[in-house]
$ cat protein.cif   # mmCIF, C-alpha atoms
data_target
loop_
_atom_site.label_atom_id
_atom_site.label_comp_id
_atom_site.auth_asym_id
_atom_site.auth_seq_id
_atom_site.Cartn_x
_atom_site.Cartn_y
_atom_site.Cartn_z
CA MET A 6 256.14 42.51 208.56
CA LYS A 7 255.31 45.30 210.87
CA LYS A 8 251.68 45.85 211.72
CA LEU A 9 250.60 48.92 209.92
CA LEU A 10 248.92 52.10 210.55
CA LEU A 11 246.28 53.66 208.55
CA LEU A 12 244.11 56.61 208.95
CA LEU A 13 241.65 56.93 206.21
CA LEU A 14 239.99 60.21 205.69
CA PRO A 15 237.77 61.74 203.14
CA VAL A 16 239.68 63.27 200.30
CA ILE A 17 239.05 59.91 198.76
CA LEU A 18 236.76 61.36 196.16
CA SER A 19 239.39 63.75 195.05
CA CYS A 20 239.62 62.32 191.57
CA SER A 21 235.98 62.71 190.76
CA GLY A 22 234.63 65.96 189.47
CA GLY A 23 232.88 68.25 191.85
CA ASP A 24 232.40 71.11 189.52
CA SER A 25 229.31 70.04 187.67
CA ASP A 26 227.26 72.65 185.91
CA GLY A 27 223.94 73.79 187.18
CA ILE A 28 222.28 75.80 189.84
CA ILE A 29 224.32 75.99 192.95
CA LEU A 30 222.87 74.17 195.90
CA GLY A 31 219.76 73.31 193.98
CA PRO A 32 217.86 70.52 195.70
CA GLY A 33 216.92 67.22 194.20
CA GLU A 34 220.14 66.34 192.46
CA GLY A 35 220.49 63.17 194.44
CA THR A 36 224.13 63.76 195.01
CA SER A 37 226.31 64.56 197.90
CA GLY A 38 229.42 66.63 197.58
CA ILE A 39 233.10 66.38 198.24
CA GLY A 40 234.55 67.01 201.64
CA GLY A 41 237.99 67.91 202.81
CA SER A 42 240.11 65.60 204.85
CA THR A 43 239.01 65.62 208.46
CA ALA A 44 235.25 65.20 208.52
CA ARG A 45 233.26 63.69 211.33
CA PHE A 46 230.39 62.79 209.02
CA ALA A 47 230.35 60.55 206.04
CA ILE A 48 227.35 60.21 203.75
CA ARG A 49 226.98 57.04 201.75
CA ASN A 50 223.99 55.57 199.93
CA GLY A 51 221.41 57.54 201.85
CA TYR A 52 222.93 57.02 205.27
CA MET A 53 225.04 59.30 207.34
CA TYR A 54 227.77 57.99 209.62
CA VAL A 55 228.74 60.25 212.46
CA SER A 56 231.64 59.70 214.79
CA THR A 57 231.26 61.16 218.23
CA ASN A 58 233.56 60.53 221.15
CA SER A 59 233.31 56.79 221.37
CA LYS A 60 230.15 56.14 219.40
CA LEU A 61 229.40 55.61 215.76
CA LYS A 62 225.91 56.85 214.94
CA VAL A 63 224.01 55.80 211.85
CA LEU A 64 221.32 58.10 210.50
CA ASP A 65 218.87 57.23 207.76
CA LEU A 66 218.48 60.13 205.31
CA LYS A 67 215.43 58.79 203.48
CA ASP A 68 213.62 61.87 204.69
CA ALA A 69 216.60 64.14 204.23
CA THR A 70 215.34 66.99 206.35
CA HIS A 71 214.67 64.61 209.22
CA PRO A 72 217.70 62.37 209.67
CA ASN A 73 216.57 59.39 211.67
CA LEU A 74 218.98 57.84 214.14
CA VAL A 75 218.73 54.12 213.38
CA ASN A 76 221.74 52.70 215.16
CA THR A 77 224.39 53.64 217.70
CA VAL A 78 227.48 51.46 217.77
CA THR A 79 229.86 51.56 220.68
CA THR A 80 233.40 51.71 219.43
CA PHE A 81 236.77 51.87 221.07
CA GLY A 82 239.07 54.78 221.42
CA ASN A 83 238.42 58.42 220.92
CA LEU A 84 237.03 58.84 217.44
CA GLU A 85 238.00 61.78 215.35
CA THR A 86 236.88 61.07 211.82
CA ALA A 87 234.52 58.96 209.73
CA VAL A 88 235.16 58.19 206.09
CA ALA A 89 233.22 55.95 203.76
CA TYR A 90 235.14 54.33 200.93
CA GLU A 91 233.26 51.93 198.71
CA ASN A 92 231.76 49.36 201.09
CA LEU A 93 234.01 50.32 203.95
CA LEU A 94 233.87 52.77 206.77
CA PHE A 95 237.10 54.03 208.29
CA LEU A 96 236.90 55.54 211.75
CA GLY A 97 240.00 57.44 212.66
CA ALA A 98 240.74 57.46 216.37
CA ASN A 99 243.64 58.74 218.37
CA ASP A 100 245.15 55.27 218.62
CA GLY A 101 244.48 53.82 215.21
CA VAL A 102 241.90 53.24 212.56
CA TYR A 103 238.86 51.05 212.96
CA ILE A 104 237.45 49.52 209.81
CA TYR A 105 233.86 48.43 209.37
CA ASP A 106 232.08 46.98 206.40
CA LEU A 107 228.83 48.60 205.30
CA ILE A 108 227.27 45.69 203.44
CA ASP A 109 224.36 46.16 205.81
CA PRO A 110 224.38 49.97 205.92
CA VAL A 111 222.42 50.19 209.17
CA HIS A 112 224.68 47.76 210.99
CA PRO A 113 228.34 48.50 210.29
CA ASP A 114 230.31 45.34 210.90
CA TYR A 115 233.70 45.63 212.56
CA ILE A 116 236.49 44.07 210.51
CA THR A 117 239.76 45.13 211.99
CA LYS A 118 241.81 47.82 213.60
CA PHE A 119 245.10 49.21 212.44
CA THR A 120 247.09 50.42 215.37
CA HIS A 121 249.38 53.36 215.13
CA GLN A 122 251.18 55.28 217.80
CA THR A 123 250.27 58.59 216.39
CA GLY A 124 247.19 59.88 214.82
CA CYS A 125 246.18 63.15 213.42
CA ASP A 126 246.17 63.24 209.74
CA PRO A 127 244.45 62.07 206.70
CA VAL A 128 244.87 59.26 204.31
CA ILE A 129 243.60 58.86 200.84
CA ALA A 130 242.98 55.58 199.16
CA ASN A 131 243.82 55.13 195.52
CA GLY A 132 242.97 51.65 194.41
CA ASN A 133 245.18 49.21 196.26
CA VAL A 134 247.35 51.88 197.79
CA ALA A 135 246.67 54.31 200.59
CA TYR A 136 248.74 57.34 201.45
CA LEU A 137 248.82 58.47 205.03
CA THR A 138 250.43 61.42 206.70
CA ILE A 139 251.28 61.58 210.35
CA ARG A 140 252.59 64.64 212.07
CA ASP A 141 253.46 65.70 215.55
CA GLY A 142 251.82 68.55 217.39
CA GLN A 143 250.16 69.11 220.69
CA THR A 144 246.79 67.65 219.81
CA CYS A 145 248.16 64.79 217.78
CA THR A 146 251.11 63.18 219.43
CA PHE A 147 254.07 64.05 221.51
CA ARG A 148 256.33 61.99 219.31
CA ASN A 149 258.55 63.64 216.82
CA VAL A 150 257.18 61.86 213.78
CA ASN A 151 256.40 63.57 210.49
CA GLN A 152 255.95 61.18 207.62
CA LEU A 153 254.20 60.31 204.42
CA ILE A 154 253.54 56.59 204.47
CA THR A 155 252.49 54.41 201.56
CA ILE A 156 250.45 51.35 202.43
CA ASP A 157 249.39 48.36 200.39
CA ILE A 158 245.70 47.87 201.19
CA SER A 159 244.97 45.15 198.66
CA ASP A 160 244.31 42.88 201.64
CA LEU A 161 242.50 45.02 204.18
CA THR A 162 243.01 42.52 206.93
CA ASN A 163 246.74 42.77 206.41
CA PRO A 164 247.85 46.22 205.32
CA VAL A 165 251.52 46.40 204.60
CA GLY A 166 253.71 49.48 204.85
CA LEU A 167 255.75 49.93 201.70
CA ASP A 168 257.44 53.26 201.83
CA THR A 169 258.09 56.07 204.30
CA ILE A 170 259.14 59.58 203.42
CA SER A 171 260.21 62.16 205.98
CA MET A 172 258.16 65.33 205.92
CA ILE A 173 258.15 68.68 207.73
CA ARG A 174 254.61 68.93 209.17
CA PRO A 175 252.36 67.08 206.72
CA ARG A 176 248.61 67.55 206.76
CA GLY A 177 245.96 66.89 204.11
CA LEU A 178 246.47 64.98 200.88
CA SER A 179 244.82 64.93 197.51
CA ILE A 180 245.32 63.34 194.14
CA PHE A 181 245.07 65.92 191.37
CA ASN A 182 245.69 65.24 187.71
CA GLY A 183 247.41 61.95 188.52
CA SER A 184 249.84 63.37 191.05
CA LEU A 185 249.80 63.18 194.82
CA TYR A 186 249.80 66.53 196.61
CA VAL A 187 250.60 66.75 200.30
CA GLY A 188 250.09 69.92 202.33
CA GLU A 189 252.93 70.86 204.66
CA GLY A 190 250.88 73.53 206.43
CA ALA A 191 252.69 76.87 206.54
CA PHE A 192 255.77 75.24 205.01
CA GLY A 193 254.22 74.70 201.62
CA LEU A 194 252.81 72.11 199.28
CA LYS A 195 254.59 69.06 197.87
CA LYS A 196 253.81 67.31 194.64
CA PHE A 197 254.75 63.64 194.33
CA ASP A 198 255.01 61.61 191.17
CA ILE A 199 253.03 58.39 191.70
CA THR A 200 253.62 56.80 188.33
CA THR A 201 254.81 53.93 190.49
CA PRO A 202 252.03 54.11 193.10
CA TYR A 203 253.99 52.16 195.70
CA GLU A 204 256.88 54.56 195.56
CA PRO A 205 255.97 58.27 195.54
CA LYS A 206 258.79 60.48 194.35
CA LEU A 207 259.05 64.15 195.26
CA ASP A 208 258.56 66.13 192.08
CA THR A 209 258.06 69.76 193.18
CA PHE A 210 258.10 71.55 196.52
CA TYR A 211 256.00 74.70 196.35
CA ALA A 212 257.38 76.43 199.43
CA ASP A 213 255.37 79.54 198.59
CA ILE A 214 251.96 77.79 198.67
CA PRO A 215 250.90 77.18 202.27
CA ALA A 216 248.51 74.21 202.36
CA ASN A 217 246.47 72.59 205.11
CA ASP A 218 244.08 70.64 202.97
CA MET A 219 243.08 70.30 199.36
CA ILE A 220 240.10 69.28 197.27
CA ALA A 221 240.87 68.32 193.69
CA LEU A 222 238.28 69.08 191.05
CA THR A 223 238.54 68.09 187.40
CA SER A 224 240.79 70.94 186.29
CA GLU A 225 241.34 72.91 189.47
CA MET A 226 242.51 72.26 192.96
CA ILE A 227 241.21 74.14 196.00
CA VAL A 228 243.80 74.69 198.71
CA THR A 229 243.09 75.86 202.24
CA ALA A 230 245.69 77.51 204.40
CA GLY A 231 245.73 79.52 207.59
CA SER A 232 245.42 82.71 205.62
CA GLY A 233 242.65 81.85 203.21
CA VAL A 234 241.46 79.59 200.44
CA SER A 235 243.03 79.63 196.98
CA GLN A 236 242.39 77.88 193.68
CA PHE A 237 244.92 76.64 191.19
CA ASN A 238 244.93 75.18 187.72
CA LEU A 239 247.82 73.68 185.83
CA VAL A 240 249.88 75.45 183.25
CA GLY A 241 251.87 72.65 181.77
CA ASP A 242 252.82 70.71 184.89
CA THR A 243 253.00 73.71 187.17
CA LEU A 244 250.38 74.96 189.62
CA ASN A 245 249.07 78.36 188.68
CA GLN A 246 247.01 80.39 191.13
CA ILE A 247 243.77 81.61 189.59
CA SER A 248 241.94 83.04 192.60
CA THR A 249 242.00 83.61 196.33
CA ILE A 250 239.12 83.92 198.72
CA LYS A 251 240.01 86.03 201.69
CA MET B 25 225.45 68.55 249.24
CA ILE B 26 224.11 67.83 245.78
CA PHE B 27 224.27 64.33 244.40
CA LEU B 28 223.64 63.81 240.75
CA ILE B 29 223.17 60.44 239.16
CA SER B 30 226.65 60.93 237.92
CA CYS B 31 228.05 61.05 241.41
CA ASP B 32 229.20 57.58 242.14
CA PRO B 33 228.05 55.90 245.39
CA PHE B 34 231.70 55.92 246.34
CA VAL B 35 232.04 59.06 248.40
CA PRO B 36 235.43 60.66 248.37
CA THR B 37 236.59 63.33 250.73
CA PHE B 38 235.31 66.60 249.43
CA PRO B 39 237.84 69.33 250.06
CA ASN B 40 236.74 72.77 251.09
CA GLY B 41 239.56 74.52 249.31
CA VAL B 42 240.49 74.79 245.67
CA VAL B 43 241.43 71.62 243.82
CA GLU B 44 242.04 70.68 240.23
CA GLY B 45 238.96 69.20 238.62
CA MET B 46 236.61 69.44 235.70
CA ARG B 47 234.21 72.27 235.05
CA PRO B 48 231.25 72.18 232.67
CA VAL B 49 231.36 74.50 229.69
CA TYR B 50 227.94 76.07 229.26
CA VAL B 51 226.33 77.71 226.29
CA ASP B 52 223.06 79.59 226.58
CA SER B 53 220.30 79.14 224.04
CA VAL B 54 221.04 82.48 222.39
CA SER B 55 224.51 81.23 221.56
CA PHE B 56 223.03 78.35 219.59
CA ALA B 57 221.09 80.64 217.28
CA ILE B 58 221.76 80.38 213.56
CA THR B 59 221.66 83.71 211.81
CA ARG B 60 222.46 85.19 208.44
CA GLN B 61 225.28 87.64 207.99
CA GLU B 62 226.46 89.51 204.96
CA SER B 63 229.49 88.04 203.26
CA ARG B 64 232.57 88.54 205.39
CA ALA B 65 236.27 87.93 205.15
CA VAL B 66 237.65 84.42 205.52
CA VAL B 67 239.85 84.74 208.59
CA ASN B 68 240.40 81.29 210.04
CA PRO B 69 239.31 78.75 207.45
CA GLY B 70 238.66 75.19 208.57
CA LYS B 71 237.07 72.46 206.53
CA ILE B 72 235.87 73.06 203.02
CA TYR B 73 233.17 71.33 201.03
CA VAL B 74 232.33 71.37 197.35
CA TYR B 75 228.78 70.86 196.16
CA GLY B 76 227.93 71.57 192.57
CA ASN B 77 229.19 75.06 191.87
CA ALA B 78 229.08 76.00 195.50
CA LEU B 79 232.08 76.06 197.77
CA LEU B 80 231.45 76.05 201.49
CA ILE B 81 234.21 77.23 203.79
CA ASN B 82 234.02 76.71 207.51
CA GLU B 83 235.11 79.64 209.63
CA VAL B 84 236.33 77.68 212.64
CA ASP B 85 233.76 77.72 215.46
CA GLU B 86 231.73 80.44 213.77
CA GLY B 87 229.89 79.18 210.72
CA ILE B 88 229.97 78.72 206.97
CA HIS B 89 230.88 81.05 204.12
CA VAL B 90 228.76 80.28 201.06
CA ILE B 91 230.73 80.91 197.89
CA ASP B 92 229.48 80.83 194.31
CA ASN B 93 232.38 79.10 192.61
CA SER B 94 230.93 78.71 189.12
CA ASP B 95 233.77 80.89 187.82
CA LYS B 96 236.83 79.57 189.59
CA THR B 97 238.89 82.53 188.56
CA ASN B 98 236.38 84.81 190.24
CA PRO B 99 234.59 83.14 193.16
CA LYS B 100 231.84 85.24 194.72
CA ASN B 101 231.41 85.38 198.45
CA LEU B 102 227.60 85.28 198.76
CA PHE B 103 226.79 85.30 202.46
CA PHE B 104 227.70 83.83 205.80
CA ILE B 105 225.69 81.38 207.84
CA ASN B 106 226.49 82.12 211.44
CA ILE B 107 226.53 78.73 213.22
CA PRO B 108 228.14 78.98 216.66
CA GLY B 109 230.49 76.12 217.43
CA ASN B 110 230.56 74.90 213.82
CA THR B 111 233.54 72.89 212.60
CA ASP B 112 232.08 70.30 210.26
CA MET B 113 229.66 69.95 207.40
CA ALA B 114 228.35 67.70 204.68
CA VAL B 115 225.86 68.39 201.90
CA LYS B 116 223.31 66.21 200.21
CA ASP B 117 220.41 67.21 197.99
CA GLY B 118 220.78 70.92 198.74
CA LEU B 119 220.77 70.39 202.49
CA ILE B 120 223.73 71.27 204.65
CA TYR B 121 224.28 69.09 207.69
CA ALA B 122 226.41 70.94 210.18
CA ASN B 123 227.36 70.78 213.80
CA ASN B 124 226.16 73.63 215.98
CA HIS B 125 228.16 73.00 219.13
CA THR B 126 226.89 69.54 220.14
CA ASP B 127 223.72 69.61 218.01
CA MET B 128 223.36 68.77 214.36
CA VAL B 129 221.38 71.23 212.27
CA VAL B 130 219.92 70.73 208.83
CA ILE B 131 219.97 73.86 206.69
CA LYS B 132 218.25 74.24 203.34
CA VAL B 133 220.27 76.64 201.30
CA SER B 134 219.93 78.48 198.00
CA GLU B 135 222.00 81.07 196.18
CA THR B 136 220.40 83.87 198.10
CA ASP B 137 219.28 82.57 201.43
CA PHE B 138 218.91 79.67 203.78
CA GLU B 139 216.52 78.22 206.30
CA THR B 140 217.19 75.98 209.27
CA VAL B 141 214.80 73.09 208.79
CA ASN B 142 215.77 70.75 211.61
CA ARG B 143 217.89 70.36 214.70
CA ILE B 144 219.00 67.09 216.31
CA GLU B 145 220.03 67.84 219.84
CA ASN B 146 223.19 66.38 221.32
CA LEU B 147 224.00 64.20 218.31
CA PHE B 148 227.69 64.89 218.90
CA PHE B 149 227.54 64.35 222.61
CA GLU B 150 226.67 61.42 224.78
CA PRO B 151 223.74 62.03 227.14
CA LEU B 152 225.89 61.32 230.17
CA GLN B 153 228.40 63.93 229.09
CA THR B 154 225.81 66.57 229.86
CA GLU B 155 225.85 65.33 233.46
CA ARG B 156 229.47 64.45 234.18
CA PRO B 157 232.90 64.48 232.55
CA ASP B 158 234.32 61.51 230.68
CA GLN B 159 237.34 61.33 232.93
CA HIS B 160 237.48 59.09 235.95
CA ASP B 161 238.81 59.81 239.44
CA VAL B 162 238.10 63.49 239.16
CA TYR B 163 236.30 66.12 241.16
CA PHE B 164 233.93 68.15 239.08
CA GLU B 165 231.72 71.15 239.44
CA CYS B 166 228.16 69.82 239.63
CA VAL B 167 226.03 70.70 236.62
CA ASP B 168 223.67 73.62 237.08
CA GLN B 169 221.10 73.50 234.27
CA SER B 170 220.12 77.11 234.88
CA LYS B 171 223.50 78.17 233.51
CA GLY B 172 222.71 76.78 230.06
CA LYS B 173 223.47 73.67 228.08
CA VAL B 174 226.64 71.70 228.76
CA ILE B 175 228.73 71.39 225.58
CA GLY B 176 231.99 70.22 227.06
CA TRP B 177 234.24 69.94 230.07
CA GLU B 178 237.44 71.75 230.84
CA VAL B 179 240.16 71.25 233.38
CA ALA B 180 239.93 73.97 236.00
CA MET B 181 240.77 74.84 239.55
CA ILE B 182 237.45 74.45 241.31
CA LYS B 183 236.45 75.45 244.81
CA ALA B 184 234.84 73.04 247.25
CA PRO B 185 233.56 70.56 244.63
CA GLU B 186 230.48 68.58 245.55
CA CYS B 187 230.66 66.00 242.76
CA TYR B 188 233.21 63.33 242.01
CA ARG B 189 233.48 60.66 239.32
CA LYS B 190 235.12 57.46 240.42
#
$ encode --input "protein.cif" --output "structure tokens"
Amino acid sequence: MKKLLLLLLPVILSCSGGDSDGIILGPGEGTSGIGGSTARFAIRNGYMYVSTNSKLKVLDLKDATHPNLVNTVTTFGNLETAVAYENLLFLGANDGVYIYDLIDPVHPDYITKFTHQTGCDPVIANGNVAYLTIRDGQTCTFRNVNQLITIDISDLTNPVGLDTISMIRPRGLSIFNGSLYVGEGAFGLKKFDITTPYEPKLDTFYADIPANDMIALTSEMIVTAGSGVSQFNLVGDTLNQISTIK
Amino acid sequence: MIFLISCDPFVPTFPNGVVEGMRPVYVDSVSFAITRQESRAVVNPGKIYVYGNALLINEVDEGIHVIDNSDKTNPKNLFFINIPGNTDMAVKDGLIYANNHTDMVVIKVSETDFETVNRIENLFFEPLQTERPDQHDVYFECVDQSKGKVIGWEVAMIKAPECYRK
């Protein structure tokens, strides 16, 4: 089986609600929020993980206004993203994904690396399956590869590629109301049926909704594009635009 | 001839003419300043972040739009936090952690205003990167601290370089 690629980024929390009631930005809620899909920081259990060029920095947020640098780990490659998922930390680099366990949160422990030839775009994990997009482009790769890849991650030390779908220029991903949405940048937004998680099936191609990245809330999805940020709900099974921030 | 720590003992031939090399990108302290602006149009949105009923939208390299998103059919653009060089953010307990060029800043924010409560210098940069480029076998323009803070390196045609990284 071919060694597999994986680039895990932060839309991971996309199924959980981010639209709780209450005062906006009020302190003392003890919660962190939901990020989009290409963050360089990940916050988990009171620690922040920051990827810089070739270093992973761990900051203790016990005193939240004074993050305290408690560890600097030398990594490999040129890091682009840091994503915490359960007890794992995924560092996306330009040559693959480095996975650390966070059982000891101050001392991330290197588990493995998934090599890929190309690297730019996000992945979301959904139980035992991860969805990854790779796209070409000047800052990503010179190869002409644009794909949505489904990966079995039930055994992290041996991720297995299950399915590959050709895409136009795929970017961020999100799971909203049980379906997988993949942004195609200026080309639109694709909805995939993942009733069979290992085998996403194209359900709808919204060519009129440009999408770089998405955050799914409980009943709405926020979509960013080059032109602005829009919000959608569902009418039946169909995305319905409810607002635009320009 | 100026030798920085970053100049390797190996001494290459230093040309007098123009050669391709690396040049530091400087930012002066004024350009690090975080200021408040009235709400403004979203022109080049980058990363977004949801926290409670707030939606934060990064304006690439410029700062963060703070949006009251309690009514998702009618989000209200509250104000703009001008953070030069900003591309990334995370929020916890009402504090925004954001990059300000190569620094991290901690910003306490409410519905109406914000306050910068901390700055961690060079968190997104390695100390040596303020002295020399990451690349090897390159000529580079020696760092001149009086020009500001180094936040990056760019490929450039440079004249009579006096520094080289083996």
$ closest_atom_pairs --input "protein.cif" --of "chain B" --to "chain A" --cutoff "8 Å" --atoms "only C-alpha atoms" --output "JSON lines"
{"residue": "B:Ala65", "atom": "CA", "partner": "A:Lys251", "partner_atom": "CA", "distance": 5.4}
{"residue": "B:Val66", "atom": "CA", "partner": "A:Lys251", "partner_atom": "CA", "distance": 4.8}
{"residue": "B:Val67", "atom": "CA", "partner": "A:Ser232", "partner_atom": "CA", "distance": 6.6}
{"residue": "B:Asn68", "atom": "CA", "partner": "A:Gly231", "partner_atom": "CA", "distance": 6.1}
{"residue": "B:Pro69", "atom": "CA", "partner": "A:Gly233", "partner_atom": "CA", "distance": 6.2}
{"residue": "B:Gly70", "atom": "CA", "partner": "A:Thr229", "partner_atom": "CA", "distance": 7.8}
{"residue": "B:Lys71", "atom": "CA", "partner": "A:Gly41", "partner_atom": "CA", "distance": 5.9}
{"residue": "B:Ile72", "atom": "CA", "partner": "A:Gly41", "partner_atom": "CA", "distance": 5.6}
{"residue": "B:Tyr73", "atom": "CA", "partner": "A:Gly40", "partner_atom": "CA", "distance": 4.6}
{"residue": "B:Val74", "atom": "CA", "partner": "A:Ile39", "partner_atom": "CA", "distance": 5.1}
{"residue": "B:Tyr75", "atom": "CA", "partner": "A:Gly38", "partner_atom": "CA", "distance": 4.5}
{"residue": "B:Gly76", "atom": "CA", "partner": "A:Ser25", "partner_atom": "CA", "distance": 5.3}
{"residue": "B:Asn77", "atom": "CA", "partner": "A:Ile29", "partner_atom": "CA", "distance": 5.1}
{"residue": "B:Ala78", "atom": "CA", "partner": "A:Ile29", "partner_atom": "CA", "distance": 5.4}
{"residue": "B:Asp92", "atom": "CA", "partner": "A:Ile29", "partner_atom": "CA", "distance": 7.2}
{"residue": "B:Ser94", "atom": "CA", "partner": "A:Asp24", "partner_atom": "CA", "distance": 7.8}
{"residue": "B:Lys96", "atom": "CA", "partner": "A:Ser248", "partner_atom": "CA", "distance": 6.9}
{"residue": "B:Thr97", "atom": "CA", "partner": "A:Ile247", "partner_atom": "CA", "distance": 5.1}
{"residue": "B:Asn98", "atom": "CA", "partner": "A:Ser248", "partner_atom": "CA", "distance": 6.3}
{"residue": "B:Pro99", "atom": "CA", "partner": "A:Ile250", "partner_atom": "CA", "distance": 7.2}
{"residue": "B:Asn101", "atom": "CA", "partner": "A:Ile250", "partner_atom": "CA", "distance": 7.9}
{"residue": "B:Asp112", "atom": "CA", "partner": "A:Ala44", "partner_atom": "CA", "distance": 6.3}
{"residue": "B:Met113", "atom": "CA", "partner": "A:Phe46", "partner_atom": "CA", "distance": 7.4}
{"residue": "B:Ala114", "atom": "CA", "partner": "A:Phe46", "partner_atom": "CA", "distance": 6.9}
{"residue": "B:Val115", "atom": "CA", "partner": "A:Ser37", "partner_atom": "CA", "distance": 5.6}
{"residue": "B:Lys116", "atom": "CA", "partner": "A:Ser37", "partner_atom": "CA", "distance": 4.1}
{"residue": "B:Asp117", "atom": "CA", "partner": "A:Pro32", "partner_atom": "CA", "distance": 4.8}
{"residue": "B:Gly118", "atom": "CA", "partner": "A:Pro32", "partner_atom": "CA", "distance": 4.2}
{"residue": "B:Leu119", "atom": "CA", "partner": "A:Pro32", "partner_atom": "CA", "distance": 7.4}
{"residue": "B:Val130", "atom": "CA", "partner": "A:Thr70", "partner_atom": "CA", "distance": 6.4}
{"residue": "B:Val133", "atom": "CA", "partner": "A:Leu30", "partner_atom": "CA", "distance": 6.5}
{"residue": "B:Ser134", "atom": "CA", "partner": "A:Leu30", "partner_atom": "CA", "distance": 5.6}
{"residue": "B:Glu135", "atom": "CA", "partner": "A:Ile29", "partner_atom": "CA", "distance": 6.5}
{"residue": "B:Val141", "atom": "CA", "partner": "A:Thr70", "partner_atom": "CA", "distance": 6.6}
{"residue": "B:Asn142", "atom": "CA", "partner": "A:Thr70", "partner_atom": "CA", "distance": 6.5}
{"residue": "B:Leu147", "atom": "CA", "partner": "A:Thr57", "partner_atom": "CA", "distance": 7.9}
{"residue": "B:Phe148", "atom": "CA", "partner": "A:Thr57", "partner_atom": "CA", "distance": 5.2}
{"residue": "B:Phe149", "atom": "CA", "partner": "A:Thr57", "partner_atom": "CA", "distance": 6.6}
{"residue": "B:Glu150", "atom": "CA", "partner": "A:Asn58", "partner_atom": "CA", "distance": 7.8}
$ resolve_selection --input "protein.cif" --expression "the PyMOL selection byres ((chain B and resi 167-180) around 8)" --output "ChimeraX atom specification"
/B:44-53,125-126,149,153-157,165-166,181-182
$ residues_around --input "protein.cif" --residues "Asp137 in chain B" --least-positions-apart "3" --cutoff "10 Å" --atoms "all atoms listed in the file" --output "compact mmCIF listing (two decimals) with C-alpha atoms, keeping the file's coordinate frame"
# COMPACT_ATOMS: atom_id res chain seq x y z
CA ARG B 60 222.46 85.19 208.44
CA VAL B 90 228.76 80.28 201.06
CA LEU B 102 227.60 85.28 198.76
CA PHE B 103 226.79 85.30 202.46
CA PHE B 104 227.70 83.83 205.80
CA ILE B 105 225.69 81.38 207.84
CA LYS B 132 218.25 74.24 203.34
CA VAL B 133 220.27 76.64 201.30
CA SER B 134 219.93 78.48 198.00
$ resolve_selection --input "protein.cif" --expression "the PyMOL selection byres ((chain A and resi 187) around 9)" --output "ChimeraX atom specification"
/A:138,153,175-180,185-186,188-189,193-197,216-219
$ atom_distance --input "protein.cif" --atom1 "CA of Ser184 in chain A" --atom2 "CA of Lys206 in chain A"
10.0 Å
$ atom_distance --input "protein.cif" --atom1 "CA of Asn123 in chain B" --atom2 "CA of Leu79 in chain B"
17.5 Å
$ atom_distance --input "protein.cif" --atom1 "CA of Leu84 in chain A" --atom2 "CA of Ser55 in chain B"
26.0 Å
$ axis_aligned_box --input "protein.cif" --around "range 82-99 of chain B" --padding-each-side "3 Å" --output "JSON"
{"center_x": 233.8, "center_y": 80.8, "center_z": 201.6, "size_x": 16.1, "size_y": 14.1, "size_z": 33.6}
$ resolve_selection --input "protein.cif" --expression "the PyMOL selection byres ((chain A and resi 93) around 6)" --output "PyMOL selection string"
chain A and resi 89-92+94+105-107
$ closest_residue --input "protein.cif" --among "B:Leu80, B:Ala122, B:Ile88, B:Ile107" --to "Thr59 in chain B" --atoms "all atoms listed in the file"
B:Ile107
$ residues_around --input "protein.cif" --residues "Tyr115 in chain A" --least-positions-apart "3" --cutoff "12 Å" --atoms "all atoms listed in the file" --output "ChimeraX atom specification"
/A:61,78-81,93-96,102-109,112,118-119,162
$ decode --input "protein.cif" --residues "range 135-143 of chain B" --atoms "N, CA and C atoms" --output "PDB file, in the first residue's frame"
ATOM      1  N   GLU B 135     -17.049  44.244  23.281  1.00  0.00           N
ATOM      2  CA  GLU B 135     -17.921  44.642  22.171  1.00  0.00           C
ATOM      3  C   GLU B 135     -17.583  46.022  21.634  1.00  0.00           C
ATOM      4  N   THR B 136     -17.009  46.839  22.506  1.00  0.00           N
ATOM      5  CA  THR B 136     -16.819  48.227  22.095  1.00  0.00           C
ATOM      6  C   THR B 136     -15.365  48.618  21.903  1.00  0.00           C
ATOM      7  N   ASP B 137     -14.471  47.894  22.527  1.00  0.00           N
ATOM      8  CA  ASP B 137     -13.092  48.359  22.448  1.00  0.00           C
ATOM      9  C   ASP B 137     -12.120  47.214  22.719  1.00  0.00           C
ATOM     10  N   PHE B 138     -10.863  47.543  22.674  1.00  0.00           N
ATOM     11  CA  PHE B 138      -9.857  46.534  22.953  1.00  0.00           C
ATOM     12  C   PHE B 138      -8.637  47.202  23.566  1.00  0.00           C
ATOM     13  N   GLU B 139      -7.771  46.342  24.114  1.00  0.00           N
ATOM     14  CA  GLU B 139      -6.562  46.846  24.746  1.00  0.00           C
ATOM     15  C   GLU B 139      -5.469  45.806  24.513  1.00  0.00           C
ATOM     16  N   THR B 140      -4.319  46.257  24.090  1.00  0.00           N
ATOM     17  CA  THR B 140      -3.198  45.340  23.912  1.00  0.00           C
ATOM     18  C   THR B 140      -2.569  45.110  25.283  1.00  0.00           C
ATOM     19  N   VAL B 141      -2.606  43.874  25.751  1.00  0.00           N
ATOM     20  CA  VAL B 141      -2.138  43.630  27.118  1.00  0.00           C
ATOM     21  C   VAL B 141      -0.758  42.986  27.172  1.00  0.00           C
ATOM     22  N   ASN B 142      -0.283  42.482  26.052  1.00  0.00           N
ATOM     23  CA  ASN B 142       1.060  41.882  26.097  1.00  0.00           C
ATOM     24  C   ASN B 142       1.611  41.736  24.687  1.00  0.00           C
ATOM     25  N   ARG B 143       2.905  41.659  24.617  1.00  0.00           N
ATOM     26  CA  ARG B 143       3.601  41.452  23.344  1.00  0.00           C
ATOM     27  C   ARG B 143       4.756  40.493  23.596  1.00  0.00           C
TER      28      ARG B 143
END
